[in-house]
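Asker: First the structure, which I've put down as structure tokens, then a few questions once you've had a look.
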Protein chains: 2
Amino acid sequence: MEADLILINGTVVTMDPEGAVFSPGVLAVKGDSIVAVGLASLAAEIEADEVVDCAGQVVMPGLINAHTHVPMSLLRGLADDLRLDVWLHGYMLPVEKAFVNETFCHWGTLLSCAEMIRSGVTCFADMYYNEDAVADAVADVGMRAICAETIMKWPTPNANSYDEGLEYCQRFIANWKGHPLIVPAVGPHAPYTCTPEILRETARLSREEQVPLMIHISETAGEVETSRQAHGLTPALYADQFGVLDHRAVVAHGVHLTDEEMALLARKGVGLAHNPSSNLKLASGVAPVPRMLALGVMLGLGTDGPASNNNQDMFEELHLAALLAKGFSGDPTALPVREALTMATIGGARAMHLDHLVGSLERGKRADLVIVAMEGLHTSPKFDINKENVYARLVYAAQSTDVRHVMVNGRWLMRDRALLTVSEEEVMPEVQRVADRVSGFLVQREKSLLDKLVALGELEQREIFEVQVKARVDDEERVIAGLDHPDIVIVKPSVRNQYDTYLFFDDAMGRIRYREDYVLESGQVVESLYTLTLVGPAKEREYANSVVLSRFAYSSRADRSLRFYKEYFQPQRVMQLEKHRRRFRIKYQGVPLAVNLDQLTKPTQGGPFLEIKSRTWSKRDAERKAERIGALLKLLDIMPEDLVRREYADF
Amino acid sequence: MEADLILINGTVVTMDPEGAVFSPGVLAVKGDSIVAVGLASLAAEIEADEVVDCAGQVVMPGLINAHTHVPMSLLRGLADDLRLDVWLHGYMLPVEKAFVNETFCHWGTLLSCAEMIRSGVTCFADMYYNEDAVADAVADVGMRAICAETIMKWPTPNANSYDEGLEYCQRFIANWKGHPLIVPAVGPHAPYTCTPEILRETARLSREEQVPLMIHISETAGEVETSRQAHGLTPALYADQFGVLDHRAVVAHGVHLTDEEMALLARKGVGLAHNPSSNLKLASGVAPVPRMLALGVMLGLGTDGPASNNNQDMFEELHLAALLAKGFSGDPTALPVREALTMATIGGARAMHLDHLVGSLERGKRADLVIVAMEGLHTSPKFDINKENVYARLVYAAQSTDVRHVMVNGRWLMRDRALLTVSEEEVMPEVQRVADRVSGFLVQREKSLLDKLVALGELEQREIFEVQVKARVDDEERVIAGLDHPDIVIVKPSVRNQYDTYLFFDDAMGRIRYREDYVLESGQVVESLYTLTLVGPAKEREYANSVVLSRFAYSSRADRSLRFYKEYFQPQRVMQLEKHRRRFRIKYQGVPLAVNLDQLTKPTQGGPFLEIKSRTWSKRDAERKAERIGALLKLLDIMPEDLVRREYADF
């Protein structure tokens, strides 16, 4: 038999259905395929152009990373140890919105491919934006991948609306269908980020184009709970209604799947990518791997994106998967080494619907393989008492840096740890250049509370100046009686309990106020208003009668929790302030003013205080209103010694 | 200022109380100590003989492995994915009994030290046997270690009894006290493997000799439950009664500590070594790290022994600890990167009561440090937006193979990944030589069920031959009536339910019977007997009247569970057999015989059967008993056609 290449003297771990291990074994490659695999004696029958001596090494199928987002390697280590919403809405989304384009995806993909090849990965499933650029880079490097263009109900870096995304995906599929290494795919992001129409349309595209469909399902307990409440169904059952699981589907995560959902995935031949590092790091939990295997789910293993991992080291995931299954089930025999390695090879290939091509070393399959040195200190000594010893060395002891050579589709991508199809020297400076621009963007933003607020993307940029005065009063009722005057029209009275949380920073940065404003009627809360206000660093001006032109302020509805804002803004100091407010919006000789009578209840009892305020937009307007406020103070019998110059937050 | 050595241009991560990071920074070493550390400008004041450029690298304290058993590296990958008892009693203890001596400990320690240096560890806490040999090797290599001689109530490889162990430990302490690198210590193995006297005496030794005391506590839920039942106290509270926590104690594991126990450890200044990989792999669980930190426990991080890990890679433990704290608490902000790195450096030093010497890079401390390359693909790009970015790169992205140089006590142990004080070329063949002998021992043992049984260490080697006959009878009562005969004395009648589980192997290997034998009185179980019997491969001989000299058998009390034996012996096939037995021990004309009347209930209904048996020890005795059995058959009216030649297990 003729071959281009023969590997001799190594331990060939085939991961074939019989679990054959040939030691020493032989494997021959011709063109893009494996043409022979077996015991050493087979070598005599093969004439090969190149002979590679693999003594002391393991020859095994290339590792398969069943879920990642390769361009995100450019965001590795940008922000860690944050709540998911802070991480996503505070960092990932704003940065992606500002930076992700074809160039970003090109360099990010090259960095990830280089990293993955060096750790023994030959094939992966990607899900991101600008997948044309991703696929281009992957094909150039010579790796094998499913590339899924992500589609969701919100604008993405390369689509202003979902239909633009779908159109892009359709063109992308047309560009790549039939490529020997790239499998184009459609990626509805998740049930909760897609409308029923998106789920239905992406399922249709997958079916009509005969391409895989990738989707995130049941990553967090919160997702499951929200789905139950919104649809009366857990996420996989909900998504199934729209046909997304019917055709070569690959689901990521499945941390909180029910037995019924697992059985559904098994029945429909859906692949599932288990992402142990990412699920731990984001505190999502641990997927019930032994249960999924027992119910027949096709399981692969993935790193998830390098912004939430922070690496794409499949040896680490393999090791972690084997450990976690034991630690979580309380059963030290759960997910034994051979089953763990299955998930990272032929299991991953099955989960990605590529097992006819790759995942095991068998005659006729593509030559996607890695050669792993096993003579390091950390993989010594070598026991071969039973069939599991070699798997145990690979799963528990070997490191990604033990990978010596990597081949995909019959082509060497790495020899003796030197990358052959991607230049580290070229990629690294480009990568750092992007990172430096992202750093600059964030450093600038961190310096300005306003930019950080704007980065949340929901701020109505309402800039406000107010003229205002504050005074201590003896008797609230006397003030209210004073408002009963022919020059005064009470437009709208209201009674409120206000809970203000002030976040303090460097003086030069200003402060942020999170206000919970409960409007009361007969002592009952009838309306809840949440506002976030950025208050500028210093008073602008003072007029007669202690009337001040206040700090500038930006105000917006506060849709997120106080906890979110605290973690996102990272204040130096926090202060709580609670008060009971009687508020009167009045017109005094035609000038609109707000009159507040406040009783402080926390941190100290105090008051009552009178505040008179009015919004303003020009110097002349401010002067006019300051004058009117002064007149009103007289009318209400407020003496100069009662005036208070400090804000409540500075009491 | 004069120095022997100055490190320049690196990012110096000090782990000092202020969390200072100097980037670029400078660190100077003179003799065994750090004499200066600070910003780059400091370099101008220092004259040094050697200058090391650390551009693009991090200079940090050496990692501290707070719990391991270094010689066990020789058993790495020997047996994995087994139940704890199978792993321990089936593999570790028999192999240790047969192989562990000073030579074993010497080479095992060298292998572990070499592995640890290459992964950035400079200091560790060991607990094993022959600690004199361990300490010798560690001191030669130049690492820093606490070496604790393990003491327990059972014989150990170097002590036939606990007092021998204590004497050894006393001599060992005398040999090493005051050594610049080695801290000798005493290691009562665990509360459940030590008697109160051992706990009291080891505590006394620690106090009198002013040396640390190391102990495993609360590793598994089973240990806690057993302690509660036996002593009414959880393990740490129980152990505390004997003073073991009073003086420089270091506790390993603490997976299932109660709040009360954590508070006790905090109050008594006890160090605790968290071993995430080992606790997961052996399915012990996950220690409540955030809770322990909140209650003030001094936490270090350990790999545990390489037979249950299977490596001593502290970068992996660091990464895992950070992930697990999040995944288990459901809080992604739990154990942030700086706290995780603290556990692996200054926290570990505190836990080992060595923080006055090591754990951080501060003037006056010993020069125990590592230099880590940060320019790999997997640690790119580099963000420095906030103070946590550098810790995140070290905890989430860096690998042990990124460690370039290692220094302990001012001496280089590794430069550019080349070990300077231990020769891999010398160690590796010796290591494999020991492993091959262990392999030979186990391969031989696996071939023989008897050896495997003996290896459990509890078999009374009672070899038994029996002469026996079996017959089908119509009427049990008729047989019993027949026993009422002048030549027959009924010594002891009994009624039993017997549940036999047969483990089948290759025919040539024999079979194993696990019997649950419940003695009944008035239908109530009054005694439970568990026996394990190895039955030889073939019948030895047949006499007249189908009386056979049975297969040889070894029998012992079965102290372990059926599940244990199944997993340990790994039979090809298992069969259950249940019967109700009326048993009569009789003397027939002075010959002791057992007469059984058996009613089979599972797998098939059958019987009643009559069995007549007698133990025998010589050919002549067997012939005489066979003749007597023949006579008794006649007396009981049993016809030749009623005789049954098969054993129940072969029905």
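In the structure tokens, chains take the letters A, B, ... in the order shown, each chain's residues start at 1, and ligands count up from 1 in the order shown.
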DSSP says alpha helix (DSSP H) for which residues of segment 321-430 of chain B? Put them as a short mmCIF file (atom, residue, chain, number, x, y, z; two decimals) with C-alpha atoms, in the first residue's frame?
Answerer:
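The result, written out as states_22.cif:
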data_model
loop_
_atom_site.label_atom_id
_atom_site.label_comp_id
_atom_site.auth_asym_id
_atom_site.auth_seq_id
_atom_site.Cartn_x
_atom_site.Cartn_y
_atom_site.Cartn_z
CA ALA B 321 -10.13 27.05 43.13
CA ALA B 322 -11.19 30.33 41.53
CA LEU B 323 -13.73 28.58 39.27
CA LEU B 324 -15.17 26.22 41.89
CA ALA B 325 -15.81 28.94 44.46
CA LYS B 326 -17.98 30.63 41.84
CA GLY B 327 -19.70 27.57 40.43
CA PHE B 328 -20.58 26.22 43.87
CA SER B 329 -21.73 29.45 45.49
CA VAL B 337 -8.50 36.54 41.28
CA ARG B 338 -6.41 38.36 43.87
CA GLU B 339 -7.87 36.31 46.72
CA ALA B 340 -7.27 33.12 44.75
CA LEU B 341 -3.63 34.02 44.17
CA THR B 342 -3.35 34.93 47.85
CA MET B 343 -4.29 31.34 48.76
CA ALA B 344 -1.48 30.03 46.57
CA ILE B 346 1.02 34.45 51.21
CA GLY B 347 -2.16 32.67 52.33
CA GLY B 348 -0.42 29.32 51.96
CA ALA B 349 2.56 30.68 53.89
CA ARG B 350 0.21 31.76 56.70
CA ALA B 351 -1.54 28.40 56.68
CA ASN B 389 -6.06 42.40 35.14
CA VAL B 390 -2.58 41.11 35.99
CA TYR B 391 -4.00 38.70 38.60
CA ALA B 392 -6.61 37.50 36.09
CA GLU B 424 15.73 14.54 35.00
CA GLU B 425 18.00 12.16 33.11
CA GLU B 426 18.94 10.47 36.37
CA VAL B 427 15.51 10.47 37.98
CA MET B 428 13.32 9.30 35.10
CA PRO B 429 14.81 5.83 34.55
CA GLU B 430 14.84 5.13 38.30
#
Asker: Neighbours of Glu102 of chain B within 12 Å (only C-alpha atoms; same-chain residues fewer than 3 positions away dropped), as a PDB file with N, CA and C atoms, in the first residue's frame?
Answerer:
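The new file out25.pdb reads:
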ATOM      1  N   PRO B  71       6.223  11.375  47.772  1.00  0.00           N
ATOM      2  CA  PRO B  71       6.717  10.126  47.180  1.00  0.00           C
ATOM      3  C   PRO B  71       5.671   9.394  46.341  1.00  0.00           C
ATOM      4  N   GLU B  96       1.807   0.145  48.763  1.00  0.00           N
ATOM      5  CA  GLU B  96       2.679   0.836  49.727  1.00  0.00           C
ATOM      6  C   GLU B  96       3.339  -0.158  50.667  1.00  0.00           C
ATOM      7  N   PHE B  99       6.127  -1.869  48.677  1.00  0.00           N
ATOM      8  CA  PHE B  99       7.181  -1.133  47.966  1.00  0.00           C
ATOM      9  C   PHE B  99       7.772   0.074  48.697  1.00  0.00           C
ATOM     10  N   CYS B 105      10.961   6.462  48.601  1.00  0.00           N
ATOM     11  CA  CYS B 105      10.691   7.851  49.003  1.00  0.00           C
ATOM     12  C   CYS B 105      11.719   8.810  48.392  1.00  0.00           C
ATOM     13  N   HIS B 106      12.940   8.348  48.255  1.00  0.00           N
ATOM     14  CA  HIS B 106      13.973   9.179  47.646  1.00  0.00           C
ATOM     15  C   HIS B 106      13.617   9.547  46.207  1.00  0.00           C
ATOM     16  N   TRP B 107      13.334   8.541  45.384  1.00  0.00           N
ATOM     17  CA  TRP B 107      13.062   8.810  43.967  1.00  0.00           C
ATOM     18  C   TRP B 107      11.718   9.490  43.764  1.00  0.00           C
ATOM     19  N   GLY B 108      10.737   9.084  44.556  1.00  0.00           N
ATOM     20  CA  GLY B 108       9.428   9.734  44.452  1.00  0.00           C
ATOM     21  C   GLY B 108       9.509  11.214  44.788  1.00  0.00           C
ATOM     22  N   THR B 109      10.292  11.528  45.821  1.00  0.00           N
ATOM     23  CA  THR B 109      10.453  12.933  46.214  1.00  0.00           C
ATOM     24  C   THR B 109      11.172  13.720  45.119  1.00  0.00           C
ATOM     25  N   TYR B 128       4.108  11.955  54.753  1.00  0.00           N
ATOM     26  CA  TYR B 128       4.233  10.586  54.254  1.00  0.00           C
ATOM     27  C   TYR B 128       5.027   9.770  55.250  1.00  0.00           C
ATOM     28  N   TYR B 129       5.695   8.722  54.765  1.00  0.00           N
ATOM     29  CA  TYR B 129       6.500   7.852  55.622  1.00  0.00           C
ATOM     30  C   TYR B 129       7.971   8.040  55.250  1.00  0.00           C
ATOM     31  N   ASN B 130       8.861   7.539  56.086  1.00  0.00           N
ATOM     32  CA  ASN B 130      10.304   7.693  55.817  1.00  0.00           C
ATOM     33  C   ASN B 130      10.654   9.146  55.525  1.00  0.00           C
ATOM     34  N   GLU B 131      10.146  10.058  56.353  1.00  0.00           N
ATOM     35  CA  GLU B 131      10.339  11.477  56.039  1.00  0.00           C
ATOM     36  C   GLU B 131      11.816  11.893  56.082  1.00  0.00           C
ATOM     37  N   ASP B 132      12.637  11.101  56.739  1.00  0.00           N
ATOM     38  CA  ASP B 132      14.078  11.384  56.705  1.00  0.00           C
ATOM     39  C   ASP B 132      14.581  11.350  55.255  1.00  0.00           C
ATOM     40  N   ALA B 133      14.148  10.334  54.524  1.00  0.00           N
ATOM     41  CA  ALA B 133      14.565  10.219  53.117  1.00  0.00           C
ATOM     42  C   ALA B 133      13.947  11.341  52.283  1.00  0.00           C
ATOM     43  N   VAL B 134      12.675  11.684  52.602  1.00  0.00           N
ATOM     44  CA  VAL B 134      12.011  12.774  51.888  1.00  0.00           C
ATOM     45  C   VAL B 134      12.772  14.080  52.112  1.00  0.00           C
ATOM     46  N   ALA B 135      13.043  14.386  53.389  1.00  0.00           N
ATOM     47  CA  ALA B 135      13.708  15.646  53.729  1.00  0.00           C
ATOM     48  C   ALA B 135      15.106  15.729  53.108  1.00  0.00           C
ATOM     49  N   ASP B 136      15.810  14.611  53.123  1.00  0.00           N
ATOM     50  CA  ASP B 136      17.135  14.553  52.493  1.00  0.00           C
ATOM     51  C   ASP B 136      17.070  14.987  51.030  1.00  0.00           C
ATOM     52  N   ALA B 137      16.113  14.398  50.303  1.00  0.00           N
ATOM     53  CA  ALA B 137      15.990  14.695  48.875  1.00  0.00           C
ATOM     54  C   ALA B 137      15.585  16.146  48.651  1.00  0.00           C
ATOM     55  N   PRO B 157       4.552   1.613  56.409  1.00  0.00           N
ATOM     56  CA  PRO B 157       5.721   1.005  55.776  1.00  0.00           C
ATOM     57  C   PRO B 157       6.986   1.106  56.637  1.00  0.00           C
ATOM     58  N   ASN B 158       7.097   2.109  57.487  1.00  0.00           N
ATOM     59  CA  ASN B 158       8.306   2.170  58.303  1.00  0.00           C
ATOM     60  C   ASN B 158       8.073   2.119  59.810  1.00  0.00           C
TER      61      ASN B 158
END
Asker: Skipping near chain neighbours, those fewer than 2 positions away, what residues fall within 10 Å of Asn311 of chain A using only C-alpha atoms, listed as a list in words?
Answerer: Ser73, Arg76, Gly77, Ser112, Glu115, Met116, Ser277, Ser278, Thr303, Asp304, Gly305, Pro306, Ala307, Ser308, Asn309, Asp313, Met314, Glu316 and Glu317 of chain A; Leu377, His378, Thr379, Ser380, Tyr396, Ala397 and Ala398 of chain B
Asker: Keeping only N, CA, C and O atoms, take the residues you just selected and write them out as an mmCIF file, in the first residue's frame.
Answerer:
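Final output, saved to selection.cif:
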data_model
loop_
_atom_site.group_PDB
_atom_site.id
_atom_site.type_symbol
_atom_site.label_atom_id
_atom_site.label_comp_id
_atom_site.auth_asym_id
_atom_site.auth_seq_id
_atom_site.Cartn_x
_atom_site.Cartn_y
_atom_site.Cartn_z
ATOM 1 N N SER A 73 -11.218 36.047 21.714
ATOM 2 C CA SER A 73 -9.875 35.965 22.316
ATOM 3 C C SER A 73 -9.285 37.363 22.472
ATOM 4 O O SER A 73 -8.472 37.594 23.364
ATOM 5 N N ARG A 76 -9.966 38.574 25.975
ATOM 6 C CA ARG A 76 -9.536 37.714 27.084
ATOM 7 C C ARG A 76 -8.948 38.559 28.223
ATOM 8 O O ARG A 76 -8.072 39.379 28.019
ATOM 9 N N GLY A 77 -9.464 38.345 29.428
ATOM 10 C CA GLY A 77 -8.887 39.022 30.594
ATOM 11 C C GLY A 77 -9.258 40.489 30.704
ATOM 12 O O GLY A 77 -8.722 41.208 31.526
ATOM 13 N N SER A 112 -7.050 32.748 18.211
ATOM 14 C CA SER A 112 -7.676 31.548 18.769
ATOM 15 C C SER A 112 -7.214 30.287 18.056
ATOM 16 O O SER A 112 -6.950 29.257 18.698
ATOM 17 N N GLU A 115 -3.784 29.429 19.213
ATOM 18 C CA GLU A 115 -3.836 28.903 20.577
ATOM 19 C C GLU A 115 -4.390 27.480 20.580
ATOM 20 O O GLU A 115 -3.864 26.594 21.260
ATOM 21 N N MET A 116 -5.431 27.235 19.806
ATOM 22 C CA MET A 116 -6.057 25.909 19.804
ATOM 23 C C MET A 116 -5.151 24.865 19.163
ATOM 24 O O MET A 116 -5.048 23.742 19.660
ATOM 25 N N SER A 277 -15.646 24.946 32.297
ATOM 26 C CA SER A 277 -14.960 26.121 32.853
ATOM 27 C C SER A 277 -15.861 27.343 32.841
ATOM 28 O O SER A 277 -15.999 28.046 33.838
ATOM 29 N N SER A 278 -16.454 27.601 31.699
ATOM 30 C CA SER A 278 -17.288 28.784 31.558
ATOM 31 C C SER A 278 -18.477 28.729 32.504
ATOM 32 O O SER A 278 -18.824 29.724 33.150
ATOM 33 N N THR A 303 -14.943 24.920 25.178
ATOM 34 C CA THR A 303 -14.291 25.894 26.064
ATOM 35 C C THR A 303 -15.179 27.099 26.312
ATOM 36 O O THR A 303 -14.965 27.833 27.249
ATOM 37 N N ASP A 304 -16.168 27.319 25.448
ATOM 38 C CA ASP A 304 -16.895 28.584 25.377
ATOM 39 C C ASP A 304 -15.894 29.668 24.975
ATOM 40 O O ASP A 304 -14.704 29.409 24.810
ATOM 41 N N GLY A 305 -16.380 30.872 24.813
ATOM 42 C CA GLY A 305 -15.515 31.954 24.336
ATOM 43 C C GLY A 305 -14.437 32.317 25.338
ATOM 44 O O GLY A 305 -14.636 32.222 26.542
ATOM 45 N N PRO A 306 -13.265 32.746 24.832
ATOM 46 C CA PRO A 306 -12.134 33.042 25.712
ATOM 47 C C PRO A 306 -12.316 34.298 26.546
ATOM 48 O O PRO A 306 -11.449 34.620 27.352
ATOM 49 N N ALA A 307 -13.448 35.000 26.406
ATOM 50 C CA ALA A 307 -13.698 36.113 27.314
ATOM 51 C C ALA A 307 -14.338 35.606 28.596
ATOM 52 O O ALA A 307 -14.364 36.300 29.599
ATOM 53 N N SER A 308 -14.833 34.384 28.591
ATOM 54 C CA SER A 308 -15.462 33.838 29.810
ATOM 55 C C SER A 308 -14.835 32.517 30.215
ATOM 56 O O SER A 308 -15.488 31.671 30.788
ATOM 57 N N ASN A 309 -13.538 32.354 29.958
ATOM 58 C CA ASN A 309 -12.973 31.013 30.265
ATOM 59 C C ASN A 309 -11.686 31.056 31.044
ATOM 60 O O ASN A 309 -11.635 30.392 32.090
ATOM 61 N N ASP A 313 -8.180 25.845 26.098
ATOM 62 C CA ASP A 313 -7.327 24.693 26.346
ATOM 63 C C ASP A 313 -8.204 23.465 26.599
ATOM 64 O O ASP A 313 -8.753 23.285 27.677
ATOM 65 N N MET A 314 -8.342 22.623 25.578
ATOM 66 C CA MET A 314 -9.239 21.477 25.699
ATOM 67 C C MET A 314 -8.688 20.408 26.644
ATOM 68 O O MET A 314 -9.460 19.600 27.166
ATOM 69 N N GLU A 316 -7.469 21.098 29.476
ATOM 70 C CA GLU A 316 -7.991 21.546 30.758
ATOM 71 C C GLU A 316 -9.476 21.203 30.900
ATOM 72 O O GLU A 316 -9.917 20.743 31.960
ATOM 73 N N GLU A 317 -10.255 21.401 29.839
ATOM 74 C CA GLU A 317 -11.687 21.097 29.911
ATOM 75 C C GLU A 317 -11.920 19.601 30.140
ATOM 76 O O GLU A 317 -12.816 19.188 30.871
ATOM 77 N N LEU B 377 0.552 33.058 23.404
ATOM 78 C CA LEU B 377 -0.739 33.253 22.745
ATOM 79 C C LEU B 377 -1.868 33.232 23.758
ATOM 80 O O LEU B 377 -2.796 34.036 23.701
ATOM 81 N N HIS B 378 -1.779 32.266 24.675
ATOM 82 C CA HIS B 378 -2.883 32.036 25.605
ATOM 83 C C HIS B 378 -2.961 33.102 26.707
ATOM 84 O O HIS B 378 -3.951 33.177 27.410
ATOM 85 N N THR B 379 -1.912 33.924 26.872
ATOM 86 C CA THR B 379 -2.000 35.027 27.841
ATOM 87 C C THR B 379 -2.110 36.376 27.114
ATOM 88 O O THR B 379 -1.916 37.425 27.722
ATOM 89 N N SER B 380 -2.429 36.332 25.831
ATOM 90 C CA SER B 380 -2.590 37.570 25.056
ATOM 91 C C SER B 380 -4.067 37.778 24.736
ATOM 92 O O SER B 380 -4.811 36.822 24.629
ATOM 93 N N TYR B 396 -6.334 32.860 35.470
ATOM 94 C CA TYR B 396 -7.209 32.237 34.474
ATOM 95 C C TYR B 396 -6.504 31.832 33.193
ATOM 96 O O TYR B 396 -6.995 30.974 32.472
ATOM 97 N N ALA B 397 -5.388 32.462 32.855
ATOM 98 C CA ALA B 397 -4.810 32.206 31.535
ATOM 99 C C ALA B 397 -3.445 31.523 31.607
ATOM 100 O O ALA B 397 -3.158 30.643 30.797
ATOM 101 N N ALA B 398 -2.607 31.904 32.550
ATOM 102 C CA ALA B 398 -1.248 31.345 32.588
ATOM 103 C C ALA B 398 -1.265 29.847 32.861
ATOM 104 O O ALA B 398 -2.184 29.321 33.478
#
Asker: Write out as JSON, numbers by chain the residues lying within 7 Å of Pro184 of chain A, counting only C-alpha atoms and excluding same-chain residues fewer than 6 positions away.
Answerer: {"A": [146, 147, 148, 173, 176, 177, 211]}
Asker: Please produce an output containing N, CA and C atoms for each residue in the selection, written as an mmCIF file, in the first residue's frame.
Answerer:
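What landed in result-v8.cif:
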data_model
loop_
_atom_site.group_PDB
_atom_site.id
_atom_site.type_symbol
_atom_site.label_atom_id
_atom_site.label_comp_id
_atom_site.auth_asym_id
_atom_site.auth_seq_id
_atom_site.Cartn_x
_atom_site.Cartn_y
_atom_site.Cartn_z
ATOM 1 N N ILE A 146 -17.230 24.336 12.273
ATOM 2 C CA ILE A 146 -18.579 24.806 11.958
ATOM 3 C C ILE A 146 -18.610 26.270 12.355
ATOM 4 N N CYS A 147 -19.006 27.140 11.412
ATOM 5 C CA CYS A 147 -19.071 28.571 11.693
ATOM 6 C C CYS A 147 -20.530 29.008 11.624
ATOM 7 N N ALA A 148 -21.059 29.440 12.770
ATOM 8 C CA ALA A 148 -22.468 29.840 12.810
ATOM 9 C C ALA A 148 -22.582 31.343 13.002
ATOM 10 N N ILE A 173 -23.790 31.343 4.019
ATOM 11 C CA ILE A 173 -23.943 29.907 3.746
ATOM 12 C C ILE A 173 -23.630 29.620 2.280
ATOM 13 N N TRP A 176 -19.922 29.407 1.471
ATOM 14 C CA TRP A 176 -19.052 28.383 2.060
ATOM 15 C C TRP A 176 -19.541 26.952 1.910
ATOM 16 N N LYS A 177 -20.761 26.764 1.426
ATOM 17 C CA LYS A 177 -21.290 25.394 1.344
ATOM 18 C C LYS A 177 -20.405 24.542 0.456
ATOM 19 N N VAL A 211 -27.914 22.908 6.668
ATOM 20 C CA VAL A 211 -26.749 23.276 7.476
ATOM 21 C C VAL A 211 -27.104 23.137 8.956
#
Asker: Quick one: pick out all strand (DSSP E) residues within segment 161-199 of chain A from a backbone DSSP run and write them as a ChimeraX atom specification.
Answerer: /A:182-188
Asker: Can you list, as a list in words, every protein, DNA or RNA residue that comes within 10 Å of Ala263 of chain B when you count only C-alpha atoms, leaving out same-chain residues fewer than 6 positions away?
Answerer: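 Final neighbour list, sorted by chain and number: Leu257, Gly269, Met292, Ala294, Leu295, Gly296 and Val297 of chain B.
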Asker: Those selected residues, please, written with N, CA, C and O atoms and delivered as a tab-separated table (two decimals), in the first residue's frame.
Answerer:
chain	number	residue	atom	x	y	z
B	257	LEU	N	-16.53	20.90	56.94
B	257	LEU	CA	-16.48	21.58	58.24
B	257	LEU	C	-17.78	22.33	58.52
B	257	LEU	O	-18.37	22.92	57.61
B	269	GLY	N	-5.92	29.81	65.13
B	269	GLY	CA	-4.83	30.07	64.19
B	269	GLY	C	-4.37	28.83	63.46
B	269	GLY	O	-3.19	28.67	63.15
B	292	MET	N	-15.25	29.88	54.58
B	292	MET	CA	-14.06	29.78	55.43
B	292	MET	C	-13.33	31.11	55.50
B	292	MET	O	-12.91	31.54	56.57
B	294	ALA	N	-14.64	34.04	55.00
B	294	ALA	CA	-15.48	34.99	55.74
B	294	ALA	C	-15.32	34.79	57.24
B	294	ALA	O	-15.36	35.75	58.01
B	295	LEU	N	-15.13	33.54	57.67
B	295	LEU	CA	-15.00	33.27	59.10
B	295	LEU	C	-13.56	33.37	59.57
B	295	LEU	O	-13.25	33.07	60.72
B	296	GLY	N	-12.66	33.77	58.66
B	296	GLY	CA	-11.29	34.08	59.10
B	296	GLY	C	-10.34	32.90	59.14
B	296	GLY	O	-9.28	32.98	59.78
B	297	VAL	N	-10.67	31.79	58.48
B	297	VAL	CA	-9.74	30.66	58.45
B	297	VAL	C	-8.55	31.01	57.54
B	297	VAL	O	-8.73	31.59	56.47
Asker: Go through A:Leu63, A:Ala252, A:Ala435, A:Leu272 and flag the residue nearest chain B, using only C-alpha atoms for the distances.
Answerer: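 Answer, going by the shortest atom-to-atom distance: A:Ala435.
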Asker: Would you compute the distance between atom CA of Leu237 of chain A and atom CA of Lys153 of chain A? Give it in Å to one decimal.
Answerer: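 Taking atom CA of Leu237 of chain A as the start and atom CA of Lys153 of chain A as the end point, the length is 19.9 Å.
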